[in-house]
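Asks: Have a look at this one before I ask anything.
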Amino acid sequence: MSLQRLSSGRLSRVAVGALASVGLLLAPGAAVRAQGEPVAPNIERDTEIEAIFHEEMDPIFAAANLDPKSVQIYLVGDATLNAATGSGYHMVVNSGLIMQTKTPNELEGVVAHETGHMARGDVARVGEMGRSAIAPMVLGLGLGILAAIAGAPDAGAALIYSGGYFGQLNALAFSRDEEARADEAAVTYLEKAGYSAQGLVDFFNNFRYEEVFSDVRKYPFWVDHPLTDERIEALAARARTQSHWRAQDTPEAVARFEIMKAKIKAFTNRPYQTYVDYPLTDTSYPARYARAIADYRELETEKALKEIDALIAEQPNNPYLYELKGQALMESARAVEGEAPLRQAVALRPDAPLLRLLLGQDLLAENNPAKLADAVLTLNRSLVVEPDNPITWQYLAEAYDAKGDGGMARLAAAEQNFHLGQLRDAKVFAMRARGLLQKDTPEWRRATDIVLASQPTADDLRQMAHPQG
Ligand SMILES: [Zn+2]
């Protein structure tokens, strides 16, 4: 489980620092929402949640003629209700959205609506000022992921990620016409996918009262996707005529949905809240899972391990239970014990890069020179599947450094910074890597490419041509 790590590690500090410059960039004349300061988005990654999401939503993407594999979901740890899509089939979903949908079908409805925007290529309109400001802002956030969401070449035009982070800009909302068309598309996709559009109607009805709010009091989702009575009526009328109108959530879908909610709650709320939400009297799987996560976060490691082992006894092929066990051990300075469960998690889901990342991190945390080669190998295998994850590069740099391989450590640090959109640091590390790596090897050439892609100055280029200078 990596929800915690990505939201509390170096990445978020980078993002917070970079946001200061975003403030400077936008301060004069920019409309800032009354909620106040912009908040650094925490992109949460979790193999299980992403798998549940895809299992549920892939039929919708397929109905929209999108390759489900090409749709990347980004979960943002933010209690605000929001979701958005970006170019290149990126979909951003706030944990708050998942929390505020009551059934899988409601979430399917919202995702189908966002897919409608994505498939139609709708872009939230931004003013001319915004258009020129967004590209550097997105880079300034220090998250290559967000730069990717914004898309190239016209980052401003393609950026649909409004909400709390980008909501500082004026006029990001979709037009009523775009909303109506996205609703129509949503009904079509849901029907094709075998789902009812009732969840979307219900979800809109749950928030009908927000219509009377001023924009600053609304959830950002409703500012960007204005809700009106006519809109809800039109949607409902169309939805009722579909043959899957009465289709119900399957028990499996409900079970997965509850696991996803329990996991997000247990990892994002304070542990005491989890004990309130899931009291001991609740012996369901999601409740026990949530309590085990809360125990581990409370550093009640033994208690957590006992509960996780009991869950493993019932579900011996569940990779995420081994993942949680390994993470609990690693984070309580028991990395040596954490290795076996993490290897089991990887064996059960060899295709999951985040599980390999966690194993690599654990091998590194064992602080044993004999494990370093394996750490490097494991992290590199994670990067084969997900080459743009800056966290993986960060640990790979540490692993090479511990091995005493200075050139490769600097190359990995250059990659890390490059994927964070921090081109200046990427260039510096890549220049150092070039000086240490053997000339004309693939690694040396990759370092050269990073320098060239990181806005080198004339001086940099001269130094590359005449390294002794
Ligand atoms: Zn919309």
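Residue names in the structure tokens use chain letters A, B, ... in the order shown, residue numbers from 1 in each chain, and ligand numbers from 1 in the order shown.
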May I ask you to write as a ChimeraX atom specification all residues lying at most 7 Å from ligand 1, with only C-alpha atoms and all ligand atoms counted?
Replies: /A:113-114,117,174,178-179,182,224-225
Asks: With only C-alpha atoms as the counted atoms, please give the residues lying no more than 8 Å from segment 50-52 of chain A, apart from itself and same-chain residues fewer than 3 positions off, as a VMD selection string.
Replies: chain A and resid 45 to 47 55 to 56 73 256 to 257 260
Asks: Quick one: distance from atom CA of Ala186 of chain A to atom CA of Arg238 of chain A in Å, one decimal?
Replies: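 So the answer is 10.7 Å.
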Asks: Give me every helix (DSSP H, G or I) residue in segment 284-466 of chain A, going by DSSP on the backbone, as a ChimeraX atom specification.
Replies: /A:285-297,301-314,319-331,335-348,353-365,369-385,390-403,406-419,423-436,442-452,458-465
Asks: Using only C-alpha atoms, determine which residues lie at most 9 Å from His244 of chain A, disregarding the query and same-chain residues fewer than 2 positions distant; provide the list as number ranges by chain.
Replies: A: 190-192, 194-197, 239-242, 246-248
Asks: Please determine, counting only C-alpha atoms, which residue among A:Leu227, A:Ala290, A:Leu423, A:Ala465 has the shortest atom-to-atom distance to Gly435 of chain A.
Replies: A:Ala465
Asks: Per residue of segment 262-348 of chain A within 6 Å of segment 352-369 of chain A, record the nearest atom pair and its distance in Å to one decimal, counting only C-alpha atoms, with rows in chain order and ascending residue number, as JSON lines.
Replies:
```
{"residue": "A:Ala335", "atom": "CA", "partner": "A:Glu366", "partner_atom": "CA", "distance": 5.3}
{"residue": "A:Val336", "atom": "CA", "partner": "A:Glu366", "partner_atom": "CA", "distance": 5.6}
{"residue": "A:Leu342", "atom": "CA", "partner": "A:Leu359", "partner_atom": "CA", "distance": 5.6}
{"residue": "A:Val346", "atom": "CA", "partner": "A:Leu355", "partner_atom": "CA", "distance": 5.8}
```
Asks: Take the selection from the previous step and output its residues with N, CA and C atoms, as a PDB file, in the first residue's frame.
Replies:
```
ATOM      1  N   ALA A 335      12.478  -4.119   8.273  1.00  0.00           N
ATOM      2  CA  ALA A 335      12.525  -4.350   6.834  1.00  0.00           C
ATOM      3  C   ALA A 335      12.935  -5.782   6.497  1.00  0.00           C
ATOM      4  N   VAL A 336      13.800  -6.376   7.321  1.00  0.00           N
ATOM      5  CA  VAL A 336      14.250  -7.752   7.036  1.00  0.00           C
ATOM      6  C   VAL A 336      13.047  -8.695   7.041  1.00  0.00           C
ATOM      7  N   LEU A 342       6.493  -8.972   1.065  1.00  0.00           N
ATOM      8  CA  LEU A 342       6.518  -8.130  -0.136  1.00  0.00           C
ATOM      9  C   LEU A 342       6.864  -8.957  -1.368  1.00  0.00           C
ATOM     10  N   VAL A 346       4.541  -9.370  -4.758  1.00  0.00           N
ATOM     11  CA  VAL A 346       5.039  -9.255  -6.137  1.00  0.00           C
ATOM     12  C   VAL A 346       4.756 -10.541  -6.911  1.00  0.00           C
TER      13      VAL A 346
END
```
Asks: What does the structure give for the distance between atom CA of Pro286 of chain A and atom CA of Ile259 of chain A, in Å to one decimal?
Replies: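 Computing it gives 5.0 Å between the two atoms.
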